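Trainee: Pasting structure_32.csv here (CSV, C-alpha atoms and all ligand atoms):
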chain,number,residue,atom,x,y,z
I,438,MET,CA,228.9,187.8,122.2
I,439,ALA,CA,226.6,184.9,122.5
I,440,ILE,CA,228.7,183.2,125.2
I,441,GLN,CA,228.6,186.3,127.4
I,442,LEU,CA,224.8,186.5,127.1
I,443,LYS,CA,224.4,182.8,128.1
I,444,SER,CA,226.4,183.1,131.2
I,445,LYS,CA,224.6,186.2,132.4
I,446,ILE,CA,221.2,184.6,132.2
I,447,VAL,CA,222.3,181.7,134.4
I,448,ASN,CA,223.9,184.1,136.8
I,449,TYR,CA,220.6,186.0,137.0
I,450,GLU,CA,218.5,183.0,137.7
I,451,LEU,CA,220.8,181.8,140.5
I,452,ILE,CA,220.4,185.1,142.3
I,453,GLU,CA,216.7,184.9,142.0
I,454,GLN,CA,216.3,181.4,143.4
I,455,PRO,CA,219.3,180.2,145.4
I,456,THR,CA,217.3,177.4,147.0
I,457,ASP,CA,216.5,175.7,143.7
I,458,SER,CA,218.2,172.4,142.9
I,459,ASN,CA,220.8,174.0,140.6
I,460,ASP,CA,223.7,172.8,142.7
I,461,GLN,CA,225.5,171.3,139.8
I,462,SER,CA,225.3,174.4,137.8
I,463,THR,CA,226.5,176.5,140.7
I,464,THR,CA,230.0,175.0,140.6
I,465,SER,CA,230.3,175.1,136.9
I,466,ASN,CA,229.2,178.8,136.9
I,467,ASP,CA,232.0,180.1,139.0
I,468,LYS,CA,234.2,181.0,136.1
I,469,PRO,CA,231.6,182.7,134.0
I,470,VAL,CA,230.6,184.9,136.9
I,471,GLU,CA,234.1,186.2,137.2
I,472,LYS,CA,234.1,186.9,133.5
I,473,ASN,CA,230.9,188.9,133.8
I,474,LYS,CA,232.4,191.1,136.4
I,475,ALA,CA,235.3,191.8,134.2
I,476,VAL,CA,233.2,193.0,131.4
I,477,LYS,CA,230.6,195.3,132.8
I,478,PRO,CA,228.9,194.9,136.2
I,479,ASP,CA,225.8,196.8,135.2
I,480,ALA,CA,225.2,195.2,131.8
I,481,GLU,CA,222.9,192.4,132.9
I,482,ILE,CA,220.7,191.4,130.0
I,483,ILE,CA,217.3,190.3,131.1
I,484,GLN,CA,215.7,187.6,129.0
I,485,MET,CA,212.1,186.4,129.1
I,486,HIS,CA,211.6,183.7,131.7
I,487,GLU,CA,208.8,182.5,133.9
I,488,LYS,CA,210.1,184.1,137.1
I,489,LEU,CA,209.9,187.6,135.6
I,490,GLU,CA,207.4,189.6,137.6
I,491,ARG,CA,204.6,191.2,135.7
I,492,PRO,CA,205.0,195.0,135.6
I,493,GLU,CA,202.0,197.0,136.6
I,494,MET,CA,201.5,198.3,133.1
I,495,LEU,CA,202.0,196.4,129.8
I,496,LEU,CA,201.8,197.7,126.3
I,497,GLY,CA,199.4,195.7,124.0
I,498,SER,CA,197.8,195.5,120.7
I,499,THR,CA,194.4,194.2,119.8
I,500,TYR,CA,193.6,192.4,116.6
I,501,LYS,CA,190.1,191.9,115.2
I,502,ILE,CA,189.1,188.6,113.5
I,503,LYS,CA,185.8,188.5,111.6
I,504,THR,CA,184.8,185.1,110.2
I,505,PRO,CA,181.8,184.2,108.2
I,506,GLN,CA,181.1,181.5,110.8
I,507,SER,CA,179.9,184.0,113.4
I,508,GLU,CA,178.2,187.3,113.4
I,509,HIS,CA,180.4,188.4,116.3
I,510,ALA,CA,184.0,189.3,115.8
I,511,LEU,CA,186.8,188.0,117.9
I,512,TYR,CA,189.2,190.4,119.6
I,513,ILE,CA,192.7,189.2,120.3
I,514,THR,CA,194.8,191.3,122.7
I,515,ILE,CA,198.5,190.6,123.1
I,516,ASN,CA,200.3,192.4,125.8
I,517,ASP,CA,204.1,192.9,125.7
I,518,VAL,CA,206.7,193.4,128.4
I,519,LEU,CA,209.6,195.7,127.6
I,520,LEU,CA,212.9,194.2,128.7
I,521,ASN,CA,216.2,196.0,129.2
I,522,GLN,CA,214.5,199.3,128.6
I,523,GLY,CA,216.7,202.1,127.5
I,524,THR,CA,219.7,199.9,126.7
I,525,GLU,CA,221.0,198.5,123.5
I,526,HIS,CA,219.4,195.2,124.4
I,527,GLU,CA,215.9,196.6,124.7
I,528,MET,CA,213.3,194.2,123.4
I,529,ARG,CA,209.6,193.7,123.4
I,530,ARG,CA,208.4,190.2,124.2
I,531,PRO,CA,204.8,189.0,124.3
I,532,TYR,CA,203.7,188.4,127.9
I,533,GLU,CA,200.0,187.4,127.8
I,534,ILE,CA,197.1,187.0,125.4
I,535,PHE,CA,193.4,187.6,125.9
I,536,ILE,CA,190.6,186.7,123.5
I,537,ASN,CA,187.2,188.4,123.8
I,538,SER,CA,184.0,187.9,121.9
I,539,LYS,CA,180.3,188.2,122.3
I,540,ASN,CA,180.1,184.7,120.8
I,541,MET,CA,180.2,182.3,123.7
I,542,ASP,CA,180.3,179.1,121.6
I,543,HIS,CA,183.9,178.3,122.2
I,544,PHE,CA,184.3,180.1,125.4
I,545,GLN,CA,185.9,177.3,127.6
I,546,TRP,CA,188.4,176.3,124.9
I,547,ILE,CA,189.4,179.8,124.1
I,548,VAL,CA,190.0,180.5,127.8
I,549,ALA,CA,192.1,177.4,128.0
I,550,LEU,CA,194.0,178.2,124.9
I,551,THR,CA,194.8,181.7,126.0
I,552,ARG,CA,196.1,180.6,129.3
I,553,ILE,CA,198.4,178.0,127.8
I,554,ILE,CA,199.7,180.5,125.1
I,555,SER,CA,200.3,183.1,127.9
I,556,ALA,CA,202.3,180.5,129.9
I,557,VAL,CA,204.4,179.6,126.8
I,558,PHE,CA,205.0,183.3,126.2
I,559,ARG,CA,206.3,183.7,129.8
I,560,LYS,CA,208.6,180.6,129.6
I,561,GLY,CA,210.6,182.7,127.1
I,562,GLY,CA,212.9,181.3,124.5
I,563,ASP,CA,211.8,181.0,120.9
I,564,VAL,CA,208.0,181.1,121.1
I,565,THR,CA,207.5,181.7,117.4
I,566,PHE,CA,206.7,178.0,116.9
I,567,LEU,CA,203.3,178.8,118.3
I,568,VAL,CA,202.4,180.5,115.0
I,569,ASP,CA,203.0,177.4,112.9
I,570,GLU,CA,201.3,175.1,115.4
I,571,LEU,CA,198.1,177.2,115.4
I,572,ARG,CA,198.1,177.8,111.7
I,573,SER,CA,198.2,174.1,110.9
I,574,VAL,CA,194.9,173.4,112.8
I,575,PHE,CA,192.1,172.4,110.4
I,576,ASP,CA,188.4,172.7,111.3
I,577,PRO,CA,186.8,169.3,110.5
I,578,ARG,CA,183.7,171.3,109.2
I,579,GLY,CA,186.0,172.9,106.6
I,580,GLY,CA,187.4,176.3,106.7
I,581,TYR,CA,186.2,179.4,105.0
I,582,PHE,CA,187.3,182.1,102.5
I,583,LYS,CA,188.2,185.6,103.7
I,584,ARG,CA,188.0,188.7,101.6
I,585,GLY,CA,190.8,188.7,99.1
I,586,GLY,CA,190.2,185.1,98.3
I,587,LYS,CA,192.4,183.8,101.2
I,588,TYR,CA,191.4,180.4,102.5
I,589,LYS,CA,191.4,179.9,106.3
I,590,PRO,CA,191.3,176.3,107.5
I,591,SER,CA,190.1,177.2,111.0
I,592,LEU,CA,189.5,179.9,113.5
I,593,VAL,CA,192.5,178.7,115.4
I,594,CYS,CA,194.6,179.3,112.3
I,595,GLU,CA,193.5,183.0,112.4
I,596,ILE,CA,194.6,183.3,116.0
I,597,GLY,CA,198.0,182.0,114.8
I,598,ASP,CA,197.9,184.7,112.1
I,599,ALA,CA,197.2,187.4,114.6
I,600,ILE,CA,200.1,186.2,116.8
I,601,GLU,CA,202.4,186.1,113.7
I,602,CYS,CA,201.3,189.7,112.8
I,603,HIS,CA,202.1,190.8,116.3
I,604,MET,CA,205.5,189.0,116.4
I,605,LYS,CA,206.4,190.7,113.1
I,606,MET,CA,205.5,194.0,114.5
I,607,ILE,CA,207.6,193.7,117.6
I,608,GLY,CA,210.5,192.2,115.6
I,609,MET,CA,210.5,188.6,116.7
I,610,ILE,CA,209.7,187.3,113.2
I,611,GLN,CA,211.5,188.7,110.2
I,612,ASP,CA,209.1,189.5,107.4
I,613,LYS,CA,210.0,187.2,104.5
I,614,ASN,CA,208.5,189.5,101.9
I,615,MET,CA,209.0,188.9,98.2
I,616,ASP,CA,211.7,191.1,96.8
I,617,ASP,CA,210.7,194.0,94.5
I,618,CYS,CA,211.9,192.2,91.5
I,619,GLN,CA,209.6,189.2,92.0
I,620,LYS,CA,206.7,191.5,92.7
I,621,GLU,CA,207.2,193.4,89.5
I,622,MET,CA,207.4,190.2,87.6
I,623,LEU,CA,204.1,189.0,89.0
I,624,GLU,CA,202.4,192.3,88.4
I,625,ALA,CA,203.5,192.1,84.7
I,626,LYS,CA,202.2,188.6,84.4
I,627,ARG,CA,198.9,189.6,85.9
I,628,LYS,CA,198.4,192.5,83.5
I,629,GLU,CA,199.2,190.3,80.6
I,630,TYR,CA,196.7,187.7,81.8
I,631,ASP,CA,194.0,190.4,82.2
I,632,THR,CA,194.5,191.8,78.7
I,633,ILE,CA,194.2,188.3,77.2
I,634,ASN,CA,191.4,186.9,79.2
I,635,ASN,CA,189.4,189.9,80.4
I,636,PRO,CA,190.1,193.2,78.7
I,637,HIS,CA,187.3,195.0,80.7
I,638,LYS,CA,188.6,193.8,83.9
I,639,GLN,CA,190.5,196.9,84.8
I,640,GLU,CA,187.5,199.2,84.3
I,641,LEU,CA,185.4,196.8,86.4
I,642,LYS,CA,188.0,196.8,89.1
I,643,LYS,CA,187.9,200.5,89.5
I,644,ASP,CA,184.1,200.4,90.0
I,645,SER,CA,184.3,197.8,92.7
I,646,GLU,CA,187.5,198.6,94.5
I,647,ASN,CA,188.3,196.3,97.4
I,648,GLU,CA,185.7,193.8,96.3
I,649,ILE,CA,186.1,190.2,97.2
I,650,SER,CA,189.3,189.4,95.3
I,651,ASP,CA,192.3,191.3,94.0
I,652,PHE,CA,193.0,188.4,91.6
I,653,PRO,CA,191.3,187.2,88.4
I,654,GLU,CA,187.9,185.7,89.1
I,655,ASN,CA,188.7,182.3,87.7
I,656,ALA,CA,191.9,182.0,89.6
I,657,GLN,CA,192.5,178.7,91.4
I,658,LEU,CA,193.5,178.1,94.9
I,659,CYS,CA,197.2,178.1,95.6
I,660,VAL,CA,198.3,175.2,97.8
I,661,LYS,CA,201.3,177.2,99.1
I,662,CYS,CA,199.7,180.4,100.2
I,663,ASN,CA,196.0,179.4,100.3
I,664,THR,CA,194.9,182.2,98.1
I,665,LYS,CA,192.7,182.0,95.0
I,666,ALA,CA,195.4,183.5,92.8
I,667,VAL,CA,196.7,180.7,90.6
I,668,ILE,CA,196.4,181.4,86.9
I,669,SER,CA,197.4,179.3,83.9
I,670,MET,CA,199.6,181.0,81.4
I,671,ASP,CA,202.2,179.9,78.8
I,672,GLY,CA,201.7,176.3,80.0
I,673,CYS,CA,202.6,177.2,83.6
I,674,MET,CA,200.4,177.6,86.7
I,675,THR,CA,201.6,180.7,88.5
I,676,CYS,CA,200.3,182.1,91.8
I,677,LEU,CA,200.0,185.9,91.5
I,678,ASN,CA,200.1,186.2,95.3
I,679,CYS,CA,203.2,184.3,96.4
I,680,GLY,CA,204.8,183.6,93.1
I,681,ASP,CA,204.7,179.8,93.3
I,682,SER,CA,204.9,178.3,89.8
I,683,LYS,CA,204.7,174.9,88.2
I,684,CYS,CA,205.1,174.3,84.5
I,685,GLY,CA,204.1,171.4,82.3
I,701,ZN,ZN,200.4,181.3,96.3
Represent the structure from my file as structure tokens, please.

Mentor:
Amino acid sequence: MAIQLKSKIVNYELIEQPTDSNDQSTTSNDKPVEKNKAVKPDAEIIQMHEKLERPEMLLGSTYKIKTPQSEHALYITINDVLLNQGTEHEMRRPYEIFINSKNMDHFQWIVALTRIISAVFRKGGDVTFLVDELRSVFDPRGGYFKRGGKYKPSLVCEIGDAIECHMKMIGMIQDKNMDDCQKEMLEAKRKEYDTINNPHKQELKKDSENEISDFPENAQLCVKCNTKAVISMDGCMTCLNCGDSKCG
């Protein structure tokens, strides 16, 4: 299956740009081309690549980022191109990104960043590495805490989060959620912790639903998921958010 796909892409590019210096690949491609014809002449799978022409209309999603560092929110729009529409190989791939804000502080860097990210999107291939690259950027002034007790090391990190969220939505990144069993275990631990340390916590929580943190007030910051959700119980430090645990 994978071999078929590979040869078809090469075939496609050659048709698009016969003048390119791909002479070496032309000779080596003779055999795969024949194979393609034998399979299905109309089953050309189009992959994301930079020569792909931008369709007139693209579907997009906009993500809002609000940080305590600025009174103005940041709006991140990612537009997708739909490839192989109506076939079994139909896929949505990000094509371009725009970032808008009333806050002009970082304007030139943001424009530069969006252009480069868009160019990487159009190159095709596995572009999910962008998420990790952006999320590992730390603001030298120190990050900030979001609602829910989640620590963000920088604004760039949040742009990475938005891209990850988008890639999950279009199926480029598989959601590595905790399994139900682990969730149940953490929920039980948390109830136990609440009854021991703060019996009134549950009543309080109902009054102030969605307030600041879902986790115990004195929870510590988890180094793994950057959330203030680590509690100490039975000699172990357990993160109620991601389940990371250290004992002793
Ligand atoms: Zn954690």

Trainee: Kindly compile the residues surrounding ligand ZN 701 (chain I) within 6 Å, counting only C-alpha atoms and all ligand atoms, and format them as a PDB file with C-alpha atoms, in the frame of the given file.

Mentor:
ATOM      1  CA  CYS I 659     197.200 178.100  95.600  1.00  0.00           C
ATOM      2  CA  LYS I 661     201.300 177.200  99.100  1.00  0.00           C
ATOM      3  CA  CYS I 662     199.700 180.400 100.200  1.00  0.00           C
ATOM      4  CA  THR I 664     194.900 182.200  98.100  1.00  0.00           C
ATOM      5  CA  CYS I 676     200.300 182.100  91.800  1.00  0.00           C
ATOM      6  CA  ASN I 678     200.100 186.200  95.300  1.00  0.00           C
ATOM      7  CA  CYS I 679     203.200 184.300  96.400  1.00  0.00           C
ATOM      8  CA  GLY I 680     204.800 183.600  93.100  1.00  0.00           C
ATOM      9  CA  ASP I 681     204.700 179.800  93.300  1.00  0.00           C
TER      10      ASP I 681
END

Trainee: Find the spatial neighbours of range 579-590 of chain I, counting only C-alpha atoms, within a cut-off of 7 Å - ignore same-chain residues fewer than 2 positions away - and output them as JSON, numbers by chain.

Mentor: {"I": [575, 576, 577, 594, 649, 650, 651, 663, 664, 665]}

Trainee: Closest to Glu487 in chain I among I:Ile547, I:Val518, I:Ala556, I:Val564, using all atoms listed in the file?

Mentor: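 Using all atoms listed in the file, Glu487 in chain I sits closest to I:Ala556.
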
Trainee: Quick one: pull the distance between CA of Ile607 in chain I and CA of Ser573 in chain I, Å, one decimal.

Mentor: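 Answer for the CA of Ile607 in chain I to CA of Ser573 in chain I separation: 22.7 Å.
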
Trainee: Restricting the calculation to all atoms listed in the file, which member of I:Ile534, I:Leu592, I:Ile553, I:Leu520 is positioned closest to Ile502 in chain I?

Mentor: I:Leu592

Trainee: With all atoms listed in the file as the basis for distance, which of I:His526, I:Ile596, I:Asn537, I:Ile610 is at the shortest distance from Thr565 in chain I?

Mentor: I:Ile610

Trainee: Write out as a list in words which residues come within 7 Å of Val568 in chain I when counting only C-alpha atoms, dropping same-chain ones fewer than 4 positions away.

Mentor: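 Within the cut-off, the hits are Arg572, Gly597, Asp598, Ile600 and Glu601 of chain I.
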